[in-house]
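Here the structure is laid out as structure tokens; the discussion comes afterwards.
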Amino acid sequence: MIIAERKPMEEIKQLIAPYKKVLVAGCGTCVTVCWAGGEKEVAVLASQLRLARSAEGSEISVLEATVERQCEKEMVVELEDKVAEVEAVLSLACGSGVQTMAEMFEDKPVLPAVNTTFIGMPEKEGLWVEMCGACGDCFLDRTGGICPIVRCAKGLLNGPCGGTRRGGKCEIDPEKDCAWVLIYRRLEKQGRLDLMRKYYEPKNYRAVKRPGKVQAMQA
Amino acid sequence: MARPFRETLKTKDFIVTAEAGPVKGSNVTKMIEHIDLLKDKVDGLNVTDNQSAVMRYPSLGTCLLIKEHGGEPVLQITCRDRNRLAIQADLLFAYSRGINNVLCLTGDSVDVGDHKEAKQVFDLDSVQLIHLVHTLNSDKDMVGNELDGGIDFCIGTTATPSADPIEPQLMKFQKKLDAGVDFVQTQAIYDLDELKRFMEHARKMDGEVKILAGIVPVIGAKMAAYMNENVPGIFVPQYIIDELAQAPKGTGVSKGIEIAARMIRQIEEEKITDGVHIMFIGREEKVPEILESAGLL
């Protein structure tokens, strides 16, 4: 799923500084699961904004709404009436949701209240880790199901860099495992180390032409 | 004129290269002094490429200075700052100006450097870079276009004998050797038993390739601890830290030189590697003292 984290309060306050009426819009899918932008987070942010403004002695009216998926126009359309009432929308969805809203309501500023960080999975309660870089040219069959494109800090395809720390940790963070040491251990366990001995050509960065567009096969 | 490094690799028993670290700025006076001081005392001057991801005078520019001053430059190219177009263009330029040796490296992450917010490239990795140099050496670019005037680089790369676990590093090292390299310089070595263990593997993997042990003098216990913590791929064992800690105040540099020279002598006497690569970063003017103390001058 897509992982995001809320922007610092000071930054959000700056974003909506010119406005007196805003809609805080949440999304019921990925950002709900990662505690960044679901109904609960919408309520918390809306209260914080009201309190902050009242402490500053300036008025604000904050509306709240959460749709199931902010990245689908059919679902975002539900917000039409509320958007019409406000000067700006503060979206707690991922970058894709923010852009869908912005496209649907072109006459209103749609402002991001979260930073979309990566595609990942929950490692434990309240901790998510990056797993996929959406590169469009999946390499996981060769690496024991561990993606070196994003889990190696340098995205290397032919093995670890010389900066690997003792104990198989990453050059940039002693808390993180070196992805290539993980790959080595996984492939060794599966008796498939030959995959790691193979030379892999430079990656085709044209696999996804940016901006990306995917047409379903049956469409 | 300096002897071509490729020839040195074929003919010399114990090869000695030194690192020439580029300055932070455009004042090249000190670098030129280092080049003049070292160019006839070593077989090659090896120039780092924004070392430790710290922005500096370019490797290519420094190699040109070495060439102009009659030394034999080794151009380091990392994959961090350039994509495949830029790397190929730089290699063509280097060769056209008489720089004939290239050291292919991955490059330290921008996270360890002084421009931490930069976008790092890593379009290629070091193994792919070695393959790329071979492709250019065959007068074609990497998509198969003919070159009008090709190149013929002597190719080097690095190895990390102190890696733990060593197996994934050895697998990558094998890929580098399979890609074809003329020489290898190791990351800084302090534990010679560890180096010997690595060399046993390396000799089995490729009996021909010339391997130079990386020598980085440490001039104090604190520096050693800092390097262990902050310099990727380097590990200074406790007994060296203890030896440095026991050195009287103000004698750190000479102690560091003494330890480095002692290691070099042992490496040469026991024929552990084919030579050494000395990296005395920021103290290049002290390299002759190491060479003298190691009996190499």
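The chains in the structure tokens are called A, B, ... from first to last as shown; in each chain the residues are counted from 1, and the ligands are counted from 1 in the order shown.
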Closest contacts (chain A/chain B, max 8 Å, only C-alpha atoms) as JSON lines:
```
{"residue": "A:Ala153", "atom": "CA", "partner": "B:Ser109", "partner_atom": "CA", "distance": 7.6}
{"residue": "A:Lys154", "atom": "CA", "partner": "B:Phe122", "partner_atom": "CA", "distance": 6.2}
{"residue": "A:Gly155", "atom": "CA", "partner": "B:Phe122", "partner_atom": "CA", "distance": 7.0}
{"residue": "A:Leu156", "atom": "CA", "partner": "B:Asp125", "partner_atom": "CA", "distance": 5.8}
{"residue": "A:Leu157", "atom": "CA", "partner": "B:Asp125", "partner_atom": "CA", "distance": 7.0}
{"residue": "A:Asn158", "atom": "CA", "partner": "B:Lys172", "partner_atom": "CA", "distance": 6.4}
{"residue": "A:Gly159", "atom": "CA", "partner": "B:Lys172", "partner_atom": "CA", "distance": 5.3}
{"residue": "A:Pro160", "atom": "CA", "partner": "B:Gln169", "partner_atom": "CA", "distance": 6.3}
{"residue": "A:Cys161", "atom": "CA", "partner": "B:Thr106", "partner_atom": "CA", "distance": 6.6}
{"residue": "A:Gly162", "atom": "CA", "partner": "B:Gly233", "partner_atom": "CA", "distance": 5.5}
{"residue": "A:Gly163", "atom": "CA", "partner": "B:Pro232", "partner_atom": "CA", "distance": 4.1}
{"residue": "A:Thr164", "atom": "CA", "partner": "B:Gly233", "partner_atom": "CA", "distance": 5.9}
{"residue": "A:Arg165", "atom": "CA", "partner": "B:Gly233", "partner_atom": "CA", "distance": 6.2}
{"residue": "A:Arg166", "atom": "CA", "partner": "B:Asp164", "partner_atom": "CA", "distance": 4.8}
{"residue": "A:Gly167", "atom": "CA", "partner": "B:Asp164", "partner_atom": "CA", "distance": 5.5}
{"residue": "A:Gly168", "atom": "CA", "partner": "B:Asp164", "partner_atom": "CA", "distance": 6.1}
{"residue": "A:Glu171", "atom": "CA", "partner": "B:Pro232", "partner_atom": "CA", "distance": 5.8}
{"residue": "A:Ile172", "atom": "CA", "partner": "B:Asp111", "partner_atom": "CA", "distance": 6.2}
{"residue": "A:Trp180", "atom": "CA", "partner": "B:Pro168", "partner_atom": "CA", "distance": 7.2}
{"residue": "A:Val181", "atom": "CA", "partner": "B:Pro168", "partner_atom": "CA", "distance": 6.5}
{"residue": "A:Tyr184", "atom": "CA", "partner": "B:Pro168", "partner_atom": "CA", "distance": 6.3}
{"residue": "A:Met196", "atom": "CA", "partner": "B:Met171", "partner_atom": "CA", "distance": 7.4}
{"residue": "A:Arg197", "atom": "CA", "partner": "B:Met171", "partner_atom": "CA", "distance": 6.1}
{"residue": "A:Lys198", "atom": "CA", "partner": "B:Lys175", "partner_atom": "CA", "distance": 7.7}
{"residue": "A:Tyr199", "atom": "CA", "partner": "B:Lys175", "partner_atom": "CA", "distance": 6.6}
{"residue": "A:Tyr200", "atom": "CA", "partner": "B:Gln128", "partner_atom": "CA", "distance": 7.9}
{"residue": "A:Glu201", "atom": "CA", "partner": "B:Gln128", "partner_atom": "CA", "distance": 6.5}
{"residue": "A:Pro202", "atom": "CA", "partner": "B:Leu124", "partner_atom": "CA", "distance": 5.8}
{"residue": "A:Lys203", "atom": "CA", "partner": "B:Asp123", "partner_atom": "CA", "distance": 7.5}
```
Output for the residues just chosen: C-alpha atoms as a PDB file, in the first residue's frame:
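Result written to selection26.pdb:
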```pdb
ATOM      1  CA  ALA A 153      20.078   2.572  -0.693  1.00  0.00           C
ATOM      2  CA  LYS A 154      21.790   2.794  -4.098  1.00  0.00           C
ATOM      3  CA  GLY A 155      19.414   0.564  -6.067  1.00  0.00           C
ATOM      4  CA  LEU A 156      22.294  -1.718  -7.117  1.00  0.00           C
ATOM      5  CA  LEU A 157      21.559  -4.752  -9.304  1.00  0.00           C
ATOM      6  CA  ASN A 158      24.742  -6.820  -9.055  1.00  0.00           C
ATOM      7  CA  GLY A 159      25.413  -7.192  -5.353  1.00  0.00           C
ATOM      8  CA  PRO A 160      26.351  -5.122  -2.303  1.00  0.00           C
ATOM      9  CA  CYS A 161      28.433  -1.954  -2.372  1.00  0.00           C
ATOM     10  CA  GLY A 162      31.751  -1.710  -0.553  1.00  0.00           C
ATOM     11  CA  GLY A 163      30.200   0.425   2.142  1.00  0.00           C
ATOM     12  CA  THR A 164      28.262  -2.396   3.783  1.00  0.00           C
ATOM     13  CA  ARG A 165      28.782  -2.277   7.537  1.00  0.00           C
ATOM     14  CA  ARG A 166      29.915  -5.223   9.621  1.00  0.00           C
ATOM     15  CA  GLY A 167      27.060  -7.541  10.438  1.00  0.00           C
ATOM     16  CA  GLY A 168      25.449  -6.895   7.055  1.00  0.00           C
ATOM     17  CA  GLU A 171      26.176   2.129   4.666  1.00  0.00           C
ATOM     18  CA  ILE A 172      23.712   4.889   5.405  1.00  0.00           C
ATOM     19  CA  TRP A 180      22.026  -7.600  -0.749  1.00  0.00           C
ATOM     20  CA  VAL A 181      22.939  -9.471   2.418  1.00  0.00           C
ATOM     21  CA  TYR A 184      22.124 -13.525  -0.302  1.00  0.00           C
ATOM     22  CA  MET A 196      23.179 -13.888  -7.466  1.00  0.00           C
ATOM     23  CA  ARG A 197      26.209 -14.961  -9.491  1.00  0.00           C
ATOM     24  CA  LYS A 198      24.586 -13.847 -12.740  1.00  0.00           C
ATOM     25  CA  TYR A 199      25.445 -10.492 -14.265  1.00  0.00           C
ATOM     26  CA  TYR A 200      22.514  -8.157 -14.706  1.00  0.00           C
ATOM     27  CA  GLU A 201      22.599  -5.497 -17.410  1.00  0.00           C
ATOM     28  CA  PRO A 202      21.875  -1.830 -16.658  1.00  0.00           C
ATOM     29  CA  LYS A 203      18.245  -1.282 -15.847  1.00  0.00           C
TER      30      LYS A 203
END
```
Set the distance at 12 Å and use only C-alpha atoms: which residues neighbour segment 239-256 of chain B once local chain neighbours fewer than 2 positions away are removed? I'd like the list as a tab-separated table (two decimals) with N, CA and C atoms, in the first residue's frame.
```tsv
chain	number	residue	atom	x	y	z
B	189	ILE	N	43.08	-1.38	4.55
B	189	ILE	CA	43.35	-2.63	5.25
B	189	ILE	C	44.14	-2.34	6.52
B	190	TYR	N	43.76	-2.98	7.61
B	190	TYR	CA	44.54	-2.85	8.84
B	190	TYR	C	44.91	-4.21	9.41
B	191	ASP	N	44.06	-5.20	9.11
B	191	ASP	CA	44.28	-6.53	9.65
B	191	ASP	C	44.84	-7.41	8.52
B	192	LEU	N	46.14	-7.69	8.60
B	192	LEU	CA	46.78	-8.40	7.48
B	192	LEU	C	46.33	-9.86	7.38
B	215	ILE	N	46.07	1.32	1.77
B	215	ILE	CA	46.71	1.74	3.03
B	215	ILE	C	46.24	3.15	3.37
B	216	VAL	N	45.54	3.27	4.48
B	216	VAL	CA	45.13	4.60	4.97
B	216	VAL	C	45.72	4.77	6.37
B	217	PRO	N	46.79	5.59	6.50
B	217	PRO	CA	47.36	5.76	7.85
B	217	PRO	C	46.34	6.39	8.79
B	218	VAL	N	46.27	5.85	9.99
B	218	VAL	CA	45.41	6.49	11.01
B	218	VAL	C	46.34	7.19	11.99
B	219	ILE	N	45.98	8.41	12.35
B	219	ILE	CA	46.94	9.21	13.13
B	219	ILE	C	46.46	9.48	14.55
B	220	GLY	N	45.51	8.69	14.98
B	220	GLY	CA	45.07	8.85	16.36
B	220	GLY	C	43.94	7.89	16.67
B	221	ALA	N	43.81	7.55	17.95
B	221	ALA	CA	42.78	6.60	18.36
B	221	ALA	C	41.39	7.16	18.06
B	222	LYS	N	41.24	8.48	18.25
B	222	LYS	CA	39.93	9.08	18.00
B	222	LYS	C	39.56	9.00	16.52
B	223	MET	N	40.56	9.28	15.66
B	223	MET	CA	40.33	9.20	14.22
B	223	MET	C	39.90	7.78	13.82
B	224	ALA	N	40.58	6.80	14.44
B	224	ALA	CA	40.26	5.40	14.13
B	224	ALA	C	38.81	5.09	14.52
B	225	ALA	N	38.43	5.54	15.70
B	225	ALA	CA	37.05	5.28	16.15
B	225	ALA	C	36.06	5.99	15.23
B	226	TYR	N	36.42	7.21	14.82
B	226	TYR	CA	35.55	7.97	13.91
B	226	TYR	C	35.41	7.24	12.57
B	227	MET	N	36.54	6.74	12.08
B	227	MET	CA	36.49	6.04	10.79
B	227	MET	C	35.62	4.79	10.88
B	228	ASN	N	35.78	4.05	11.98
B	228	ASN	CA	34.96	2.85	12.14
B	228	ASN	C	33.48	3.18	12.11
B	235	PHE	N	37.39	-0.73	8.67
B	235	PHE	CA	37.36	-1.24	10.03
B	235	PHE	C	38.77	-1.28	10.60
B	236	VAL	N	39.02	-0.44	11.60
B	236	VAL	CA	40.33	-0.42	12.26
B	236	VAL	C	40.25	-1.31	13.51
B	237	PRO	N	41.08	-2.37	13.57
B	237	PRO	CA	40.98	-3.27	14.72
B	237	PRO	C	41.44	-2.60	16.03
B	258	GLU	N	54.38	5.21	10.94
B	258	GLU	CA	55.14	4.01	11.34
B	258	GLU	C	54.31	2.73	11.14
B	259	ILE	N	53.04	2.80	11.57
B	259	ILE	CA	52.18	1.61	11.43
B	259	ILE	C	51.96	1.28	9.96
B	260	ALA	N	51.69	2.34	9.16
B	260	ALA	CA	51.44	2.12	7.73
B	260	ALA	C	52.68	1.52	7.05
B	261	ALA	N	53.87	2.07	7.37
B	261	ALA	CA	55.10	1.58	6.75
B	261	ALA	C	55.37	0.13	7.16
B	262	ARG	N	55.10	-0.18	8.42
B	262	ARG	CA	55.29	-1.54	8.91
B	262	ARG	C	54.40	-2.52	8.14
B	263	MET	N	53.14	-2.10	7.92
B	263	MET	CA	52.22	-2.96	7.16
B	263	MET	C	52.71	-3.15	5.73
B	280	PHE	N	46.63	8.89	1.91
B	280	PHE	CA	46.87	9.72	3.10
B	280	PHE	C	46.12	11.03	2.85
B	283	ARG	N	46.93	14.75	3.67
B	283	ARG	CA	48.34	14.81	4.11
B	283	ARG	C	49.23	14.19	3.04
B	286	LYS	N	52.97	13.93	3.17
B	286	LYS	CA	53.63	12.97	4.08
B	286	LYS	C	53.85	11.61	3.43
B	287	VAL	N	53.30	11.41	2.23
B	287	VAL	CA	53.40	10.09	1.59
B	287	VAL	C	54.88	9.68	1.39
B	289	GLU	N	57.34	10.16	3.27
B	289	GLU	CA	57.85	9.62	4.56
B	289	GLU	C	57.45	8.17	4.72
B	290	ILE	N	56.20	7.86	4.32
B	290	ILE	CA	55.75	6.46	4.42
B	290	ILE	C	56.60	5.59	3.49
B	293	SER	N	60.09	5.15	4.89
B	293	SER	CA	60.08	4.30	6.07
B	293	SER	C	59.77	2.84	5.69
```
Task: Residue neighbourhood segment 203-211 of chain B, 10 Å, only C-alpha atoms, exclusion window fewer than 6 positions, as an NGL selection string - done: :B and (9-10 or 14-15 or 156-159 or 170 or 173-174 or 177-178 or 180-186 or 272-277)
Report the residues of segment 17-125 of chain B whose backbone DSSP state falls under helix (DSSP H, G or I), written as an mmCIF file with C-alpha atoms, in the first residue's frame.
```cif
data_model
loop_
_atom_site.group_PDB
_atom_site.id
_atom_site.type_symbol
_atom_site.label_atom_id
_atom_site.label_comp_id
_atom_site.auth_asym_id
_atom_site.auth_seq_id
_atom_site.Cartn_x
_atom_site.Cartn_y
_atom_site.Cartn_z
ATOM 1 C CA THR B 29 48.357 25.310 -5.982
ATOM 2 C CA LYS B 30 48.572 22.751 -3.185
ATOM 3 C CA MET B 31 47.420 19.936 -5.446
ATOM 4 C CA ILE B 32 50.125 20.797 -7.957
ATOM 5 C CA GLU B 33 52.703 20.749 -5.149
ATOM 6 C CA HIS B 34 51.507 17.271 -4.172
ATOM 7 C CA ILE B 35 51.588 16.104 -7.772
ATOM 8 C CA ASP B 36 55.141 17.403 -8.278
ATOM 9 C CA LEU B 37 56.231 15.850 -4.994
ATOM 10 C CA LEU B 38 54.764 12.406 -5.709
ATOM 11 C CA GLN B 51 35.202 11.401 -2.346
ATOM 12 C CA SER B 52 32.852 10.488 0.509
ATOM 13 C CA ALA B 53 30.151 12.326 -1.461
ATOM 14 C CA SER B 59 38.688 13.933 -10.648
ATOM 15 C CA LEU B 60 38.918 14.622 -14.380
ATOM 16 C CA GLY B 61 40.413 18.107 -13.856
ATOM 17 C CA THR B 62 42.959 16.789 -11.372
ATOM 18 C CA CYS B 63 43.927 13.978 -13.751
ATOM 19 C CA LEU B 64 44.593 16.599 -16.439
ATOM 20 C CA LEU B 65 46.861 18.484 -14.014
ATOM 21 C CA ILE B 66 48.745 15.260 -13.276
ATOM 22 C CA LYS B 67 49.135 14.633 -16.985
ATOM 23 C CA GLU B 68 50.353 18.196 -17.602
ATOM 24 C CA ARG B 84 25.285 6.518 -18.477
ATOM 25 C CA LEU B 85 25.474 9.380 -20.972
ATOM 26 C CA ALA B 86 27.633 11.564 -18.748
ATOM 27 C CA ILE B 87 29.960 8.699 -17.798
ATOM 28 C CA GLN B 88 30.589 7.777 -21.427
ATOM 29 C CA ALA B 89 31.171 11.399 -22.403
ATOM 30 C CA ASP B 90 33.665 11.880 -19.535
ATOM 31 C CA LEU B 91 35.526 8.718 -20.493
ATOM 32 C CA LEU B 92 35.821 9.859 -24.130
ATOM 33 C CA PHE B 93 37.102 13.234 -22.974
ATOM 34 C CA ALA B 94 39.582 11.705 -20.517
ATOM 35 C CA TYR B 95 41.033 9.368 -23.120
ATOM 36 C CA SER B 96 41.316 12.129 -25.710
ATOM 37 C CA VAL B 110 25.107 11.187 -0.690
ATOM 38 C CA ASP B 111 23.903 10.516 2.860
ATOM 39 C CA VAL B 112 27.509 10.367 4.089
#
```
